[in-house]
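Working notes for the structure below.
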Amino acid sequence: MAYLINCPHCGQRTTDEFYIKGDASKQRPGTIGDDTMNQWHDYVHIRDNVRGRTAEHWHHTGGCRQWLVVERDTVSHEVYAVAPASSRTPGKTSATPARKSAARKTPARNTTSRKTARGEKK
Amino acid sequence: MTSFRFDTGGLIDRSSVIDFSFDGKKMQGHSGDTLASALLANGQLLMGRSFKYHRPRSVITAGAAEPNALMEIGEGGRLEPNTRATMQELYDGLVAKSQNRWPTLERDFGAINSIASSFFVAGFYYKTFMWPKRFWEAIYEPIIRRAAGLGHLSHENDPDRYEKAYAHCDVLVVGSGPAGLMAAMAAARSGASVIMADEHATCGGSLLREREEIASQPGHEWAAETLAQLAGMDNVTIMARTTVIGAYDQCVFGALERVQKHTALPDHDVPVEKLWRIMAKACVMATGAEERPIVFGGNDRPGVMTASAMRAYANQFGVAAGRTACVFTSSDSGYRTALDMRSCGVHVEAIIDARANAPDIETHGVPVLTGAVVTNVDGGKHGMKGIEIDRGRGHENIPCQSLAMSGGWSPVVHLACQRGARPSWDEDLHCFMPPQSDPAIIASGSANAIWSLTGCLTDGARRGEQAARQAGCRTMKTPVPKARDEASHGSEAVWWVKQSTGKPFVDYQNDVTARDLPLAAREGYDHIELAKRYTTSGMATDQGKLGNVNAIGILADATGKGIEEIGTTTFRPFYTPVSFGALGGQHVGEHFRPVRMSPLHNWAADLGAEFVETGLWYRSSWFPEKGDDWLAAMTREVLNTRANVGICDVSTLGKIEIKGSDATEFINRLYSNAFAMLPVGKARYGLMLREDGFVGDDGTTSRLSENHYFMTTTTGHAAESMRDIEFAHQALWPELDVQYASVSDQWAQMAIAGPRARDVLAKIVDIDISNEAFGFLAARQIKVLGSIPAMLFRISFSGELAYELAVPAGHGEAVANAIMHAGEPFGIGPYGLEALSAMRIEKGFVTHNEINGRVTAGDVGLGKMLSKKKDYIGRMMSEREGLVDADREQLVGVRPLNPDLRFRAGCHLVNPGDVASLETDQGYVSSVAFSPMLESWVGLAMLKRGRERHGDKIVLWDGLREVQIEAEVCDPVFYDPAQEKAHG
């Protein structure tokens, strides 16, 4: 695994400072709709064992304590991008095969207006 | 024995005398010696016994690949086994012991294995020690371990210090031979920051060991001058005694610096070893090449060594294994050895060249026998007597005391391969070439199969420039000095002398012979990785540095495949063994992990508390009086709290302050129960699920003002809950205006519980805390002792009238003491974790014993806390079929029919009459305490359909302790089921 991560807040740091939660390709589903239970099952339980490019949630526990989306390659170990999880627009960074299943979902209730809401507040 | 020191020559300081001992014998060497060269100088050719056959062995190499001369160095806690004598610098007072022999190196009982060697074929252990099964652990394994052991451990603590360190540079140069020096110079002249590491004490690599000249001066003098120049440059760091042990992603390297492994009594203020992580932008791998032994009969006899090693011992250390020598070679390196030895005064009997045609090299009268091979070596523990050769007309004998062998060269490619790339076989150069898959790792010099000195110097300069460019520097062309070196560098591969009459070794350290590999292939283990494991070739501490390429060649021969097709085994860090001390670094003893102490730690300690480790915390567990045990102390503490009043340190709870205009909405999404309508000035118990629907954590959250909340989590889950909260905001709902901070360490928090709690607290707080003014679940920011800001919560984990008071950590001790003082008339006493736990079990309150990650809110009787009116973490999944199944295990109380019978958490529950099994299992006991109020052992348990089984009989089954106790299922609330006390 890559040893150096370029944290957007702290700069280049070693991986020991980070906690890795896992797959970031999926959007949290909402609670309303016909197929919500299947979407939730997919969101919570179904994971692709990706060979190649992945997007994962990493937490800079030993640094700024920000949640990040780290896009990296499980084969070459190259790190393509590191971005704050909060700045992510839905569906954009998921270049993994899991993208298909994510794209099929109805957008999560609480994430649709994320960008504008952030823009107003900050 | 035959080995000796020349009267002159070598780079050792003959004026200094260093005393050391080997197997108790006192010996002397000189500054500049390695242990191996000093042993040879003292006539100690015999240095060890081999792994399996216990054959007498001496050095084969003069470097890191040494498989034979492994020793125990040092004494007591400093003893380090399996140290390569070739890498150990000599120091005054060094104590070395040979290994793997009993009773002595001279008379070794295990040598009998050699006589029975025809039984010790490849896969011997797998084939022999299979049955009977019960013999394996009791008989076979201890015998094998003793017989085949390497060095011993002292089992004493290492008194020395170790450190881990980080370094950054533009260009890392590994190795300081001709290519490494030129690369470092070229990179440094281009402005790059350079680290040059070399595993030896003195930098210079092969220049110290050869007689070639650079710029009209001896190579070692040129090296010393160049080193001095490099040392004078601000952007160059030279790290001698430093082995680069691993190459990792993003041009990060691991390196082991042996800071004080060359002193008998290390300075305690300085570490003995440092484990470095070097962050580079490019790396020049000038790691050199390893000379391959030839596999022929008796190629392990003391006195036989690689041609380059023999030269190194003669040129650098002024020693030789014998006064006469032969050379067996299939490369031109052998000729150089013959000439160097001849000029040192060693009589060279003959060069036996396996090739049909000798190269055009003037041998000064040394006879050259072409098309000839060595088939056996006559020798033993006292040295060699001669060799048996075959040049197509039967066996002939040549007397000699030493034999140099050269089967060609293998570039040291490890660092370029450790990230998974494989080297490729070059049919013309007869070696595996380093892969070029990583542009940041640049092989140079003989590591790049450039064999001539001129070539290495030129290549080093160019690769150094290339690395500097790679690191983003503007490069300057570095002039290359002129070298005088041999013109001829041809070699041919000879894998195995099949006419051998003696044992031909491929892997010296694991005693694998050339006959084992074809056998492995015949038995189906013809893949190189399988053959390795079946024969153990390349599996010893040297990882086959010397033998692997020969093993591959022999396997290719045996299977009829090409060498390219056979390929190599996997290269993994570390390049050479690393001590556990270095890997542990500073993290030993009390520094193994941090200790967390509550701000009330000293307060509790002054009251005589016994502490218990929970995670990193040390928590006050019980307060013994007059030497009573934990049970008596806990009982006294519970009875006093329930009758009068008690005080308990609860500072370890996780504490999180949450603010912001969306704080209410945010908290409402974190907890499963409703928080939207929580009034200011009130606390509420909250349940957090995980997204999969199971219970994650619980705690209380208080609304201190409109947009200001104070949340507590359990002690054990504090860090995780904080992380989950950060995730929920940043990754799920970043649109919410909310801020949060962990304040666990900022507040000292104490519980004051018992019927007189109000009377005690009233004396120190600045508000009315009557039941009417400050009722159950009230929460407020107040002042105590006049001016100390505090938070007061009316919450109870004991079931009594109780408060929790939080004050700034620095005031904790003073406030706790003030409460003790105020409570004195009311009989206040401290209580610890044991009493806290007993009281919560009496009340049926759950902790992480119960909410262990596989229970639902419904399981622990909190199903009503799952709101149907909002989305929250875990909402949807908590409704899944399996999580609401009526057959699930549910929280109950259990009481043994005999109240004196103690049982333990972890007991399983079975119905009376059933035999305990997976099928009859009814659940398990999660928490146990002695209840002072009930005067009985009681437990909380998870029981299938438990809520409808109150009153049933159940058996508590403890399979480990072979205990079965009859018990009754009951409500989990044992004490004050009407919950009157807490509200009073």
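By convention in this document, the chains of the structure tokens carry letters A, B, ... by their order, each chain's residues are numbered from 1, and ligands are numbered from 1 in the order they are shown.
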
If we count only C-alpha atoms and set the cut-off at 8 Å, which residues sit around A:Ile20, ignoring sequence neighbours fewer than 2 positions away in its own chain? Please answer as a PDB file with C-alpha atoms, in the first residue's frame.
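The resulting around27.pdb:
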```
ATOM      1  CA  PHE A  18      -4.671   7.211   8.918  1.00  0.00           C
ATOM      2  CA  GLY A  22     -13.190   1.259   3.206  1.00  0.00           C
ATOM      3  CA  GLU A  56     -11.912   4.726  -0.120  1.00  0.00           C
ATOM      4  CA  HIS A  57     -12.799   6.688   2.959  1.00  0.00           C
ATOM      5  CA  TRP A  58      -9.695   7.427   5.024  1.00  0.00           C
ATOM      6  CA  HIS A  59      -9.676   9.282   8.314  1.00  0.00           C
TER       7      HIS A  59
END
```

Using only C-alpha atoms, determine which residues of chain B fall within 8 Å of chain A; present them as a PDB file with C-alpha atoms, in the first residue's frame.
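Final file, result.pdb:
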```pdb
ATOM      1  CA  TYR B 248       8.580   0.333  -0.526  1.00  0.00           C
ATOM      2  CA  ASP B 249       5.997   2.267  -2.459  1.00  0.00           C
ATOM      3  CA  GLN B 250       6.625   5.870  -3.490  1.00  0.00           C
ATOM      4  CA  VAL B 252      10.356   4.974   0.484  1.00  0.00           C
ATOM      5  CA  GLU B 691     -25.412   1.506   9.923  1.00  0.00           C
ATOM      6  CA  ASP B 692     -25.979  -2.282   9.856  1.00  0.00           C
ATOM      7  CA  ARG B 723     -14.684   9.071  14.436  1.00  0.00           C
ATOM      8  CA  GLU B 726     -16.938  13.031  12.206  1.00  0.00           C
ATOM      9  CA  PHE B 727     -17.825  10.635   9.394  1.00  0.00           C
ATOM     10  CA  GLN B 730     -18.114  15.184   6.831  1.00  0.00           C
ATOM     11  CA  ALA B 731     -19.009  12.279   4.561  1.00  0.00           C
ATOM     12  CA  LEU B 732     -22.780  11.982   4.936  1.00  0.00           C
ATOM     13  CA  TRP B 733     -24.211  15.360   5.852  1.00  0.00           C
ATOM     14  CA  PRO B 734     -21.630  18.088   5.239  1.00  0.00           C
ATOM     15  CA  GLU B 735     -24.451  20.546   4.589  1.00  0.00           C
ATOM     16  CA  LEU B 736     -25.255  20.644   8.311  1.00  0.00           C
ATOM     17  CA  ASP B 737     -23.875  23.606  10.237  1.00  0.00           C
ATOM     18  CA  ASP B 871     -33.865   8.843   9.496  1.00  0.00           C
ATOM     19  CA  MET B 876     -33.283   0.992   7.818  1.00  0.00           C
ATOM     20  CA  MET B 877     -31.150  -2.019   8.565  1.00  0.00           C
TER      21      MET B 877
END
```

Cut-off 12 Å: closest stretch 561-664 of chain B/stretch 72-95 of chain B atom pairs per residue, using only C-alpha atoms, as JSON lines:
```
{"residue": "B:Thr576", "atom": "CA", "partner": "B:Arg84", "partner_atom": "CA", "distance": 10.2}
{"residue": "B:Pro577", "atom": "CA", "partner": "B:Thr83", "partner_atom": "CA", "distance": 9.0}
{"residue": "B:Val578", "atom": "CA", "partner": "B:Thr83", "partner_atom": "CA", "distance": 10.5}
{"residue": "B:Ser579", "atom": "CA", "partner": "B:Glu80", "partner_atom": "CA", "distance": 8.5}
{"residue": "B:Phe580", "atom": "CA", "partner": "B:Glu80", "partner_atom": "CA", "distance": 10.5}
{"residue": "B:Gly581", "atom": "CA", "partner": "B:Glu80", "partner_atom": "CA", "distance": 10.4}
```

I'd like the neighbourhood of B:Ile351 as a PyMOL selection string, where a residue qualifies if any of its atoms comes within 12 Å (using only C-alpha atoms), though same-chain residues fewer than 2 positions away should be ignored. chain B and resi 307+325-339+341-342+347-349+353-355+358-359+361+363-374+389+398+400+403-406

Output the selection as a PDB file, in the first residue's frame - C-alpha atoms for each residue.
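Result file is selection-v9.pdb:
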```pdb
ATOM      1  CA  ALA B 307      37.230 -16.081  -5.793  1.00  0.00           C
ATOM      2  CA  ALA B 325      45.668 -22.337  -3.568  1.00  0.00           C
ATOM      3  CA  CYS B 326      43.855 -23.577  -6.615  1.00  0.00           C
ATOM      4  CA  VAL B 327      41.256 -21.705  -8.580  1.00  0.00           C
ATOM      5  CA  PHE B 328      38.162 -23.334 -10.085  1.00  0.00           C
ATOM      6  CA  THR B 329      36.433 -20.926 -12.390  1.00  0.00           C
ATOM      7  CA  SER B 330      34.125 -20.439 -15.285  1.00  0.00           C
ATOM      8  CA  SER B 331      34.686 -16.694 -15.310  1.00  0.00           C
ATOM      9  CA  ASP B 332      37.655 -14.375 -15.630  1.00  0.00           C
ATOM     10  CA  SER B 333      37.292 -13.389 -11.977  1.00  0.00           C
ATOM     11  CA  GLY B 334      39.154 -16.563 -11.078  1.00  0.00           C
ATOM     12  CA  TYR B 335      42.217 -15.397 -12.990  1.00  0.00           C
ATOM     13  CA  ARG B 336      42.307 -12.143 -11.090  1.00  0.00           C
ATOM     14  CA  THR B 337      42.260 -14.082  -7.830  1.00  0.00           C
ATOM     15  CA  ALA B 338      45.114 -16.299  -9.001  1.00  0.00           C
ATOM     16  CA  LEU B 339      47.217 -13.255  -9.852  1.00  0.00           C
ATOM     17  CA  MET B 341      47.157 -14.418  -4.481  1.00  0.00           C
ATOM     18  CA  ARG B 342      50.367 -15.025  -6.366  1.00  0.00           C
ATOM     19  CA  HIS B 347      51.488 -20.440  -4.249  1.00  0.00           C
ATOM     20  CA  VAL B 348      48.812 -20.949  -6.864  1.00  0.00           C
ATOM     21  CA  GLU B 349      48.959 -24.546  -8.068  1.00  0.00           C
ATOM     22  CA  ASP B 353      38.821 -23.446 -15.999  1.00  0.00           C
ATOM     23  CA  ALA B 354      35.561 -25.219 -16.800  1.00  0.00           C
ATOM     24  CA  ARG B 355      35.457 -23.448 -20.155  1.00  0.00           C
ATOM     25  CA  ALA B 358      41.063 -20.010 -21.650  1.00  0.00           C
ATOM     26  CA  PRO B 359      40.834 -16.238 -21.919  1.00  0.00           C
ATOM     27  CA  ILE B 361      45.215 -13.412 -19.711  1.00  0.00           C
ATOM     28  CA  THR B 363      49.019 -15.944 -15.746  1.00  0.00           C
ATOM     29  CA  HIS B 364      52.704 -15.542 -14.944  1.00  0.00           C
ATOM     30  CA  GLY B 365      53.426 -19.206 -14.952  1.00  0.00           C
ATOM     31  CA  VAL B 366      50.317 -20.453 -13.171  1.00  0.00           C
ATOM     32  CA  PRO B 367      49.179 -23.491 -15.143  1.00  0.00           C
ATOM     33  CA  VAL B 368      45.715 -23.289 -16.666  1.00  0.00           C
ATOM     34  CA  LEU B 369      43.745 -26.497 -17.120  1.00  0.00           C
ATOM     35  CA  THR B 370      40.869 -25.836 -19.513  1.00  0.00           C
ATOM     36  CA  GLY B 371      37.765 -27.958 -19.889  1.00  0.00           C
ATOM     37  CA  ALA B 372      38.382 -29.262 -16.401  1.00  0.00           C
ATOM     38  CA  VAL B 373      36.223 -29.490 -13.299  1.00  0.00           C
ATOM     39  CA  VAL B 374      36.748 -30.091  -9.584  1.00  0.00           C
ATOM     40  CA  ILE B 389      39.763 -32.869 -10.677  1.00  0.00           C
ATOM     41  CA  ILE B 398      46.167 -31.681  -6.813  1.00  0.00           C
ATOM     42  CA  CYS B 400      46.395 -27.416  -2.038  1.00  0.00           C
ATOM     43  CA  LEU B 403      40.336 -23.221  -3.353  1.00  0.00           C
ATOM     44  CA  ALA B 404      38.776 -20.183  -4.973  1.00  0.00           C
ATOM     45  CA  MET B 405      35.663 -20.712  -7.063  1.00  0.00           C
ATOM     46  CA  SER B 406      33.848 -18.475  -9.477  1.00  0.00           C
TER      47      SER B 406
END
```

Non-local contacts of B:Thr287 (8 Å; only C-alpha atoms; under 6 positions in same chain excluded) as a short mmCIF file (atom, residue, chain, number, x, y, z; two decimals) with C-alpha atoms, in the first residue's frame:
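Output saved as result-v2.cif:
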```cif
data_model
loop_
_atom_site.label_atom_id
_atom_site.label_comp_id
_atom_site.auth_asym_id
_atom_site.auth_seq_id
_atom_site.Cartn_x
_atom_site.Cartn_y
_atom_site.Cartn_z
CA VAL B 174 22.68 2.43 -2.08
CA GLY B 175 26.25 1.18 -2.05
CA GLY B 180 27.84 4.41 -5.96
CA PRO B 411 23.65 -8.52 -9.80
CA VAL B 412 22.16 -7.77 -6.38
CA VAL B 413 18.69 -6.90 -7.65
CA SER B 444 24.00 1.08 -11.72
CA SER B 446 27.70 -4.27 -11.46
CA ALA B 447 24.14 -4.30 -10.10
#
```

Using only C-alpha atoms, which protein or nucleic acid residues come within 12 Å of B:Ala978? Drop anything in the same chain fewer than 5 positions from it, and give the result as an MDAnalysis selection string. chainID B and resid 799:800 843 973 983:984

Got a sec to tell me which of stretch 780-853 of chain B DSSP assigns to strand (DSSP E), as number ranges by chain? B: 780-784, 788-793, 802-808, 829-830

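You can rank B:Asn602, B:Thr535, B:Ser500, B:Thr714 by their closest distance to B:Val512 using only C-alpha atoms, and at the top of that list sits B:Thr535.
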
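Compared by their closest atoms to B:His848, and using only C-alpha atoms, the residues B:Cys970, B:Thr513, B:Gly696, B:Val760 rank with B:Gly696 nearest.
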
Spatial neighbours of B:Tyr671, max dist 9 Å, only C-alpha atoms, sep filter under 6 positions, as a list in words: Gly686, Leu687, Met688, Leu689, Asp698, Leu866, Tyr872 and Ile873 of chain B

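Proximity of B:Pro481, B:Gly699, B:Pro830, B:Pro178 to B:Cys648, computed with only C-alpha atoms, is greatest for B:Pro830.
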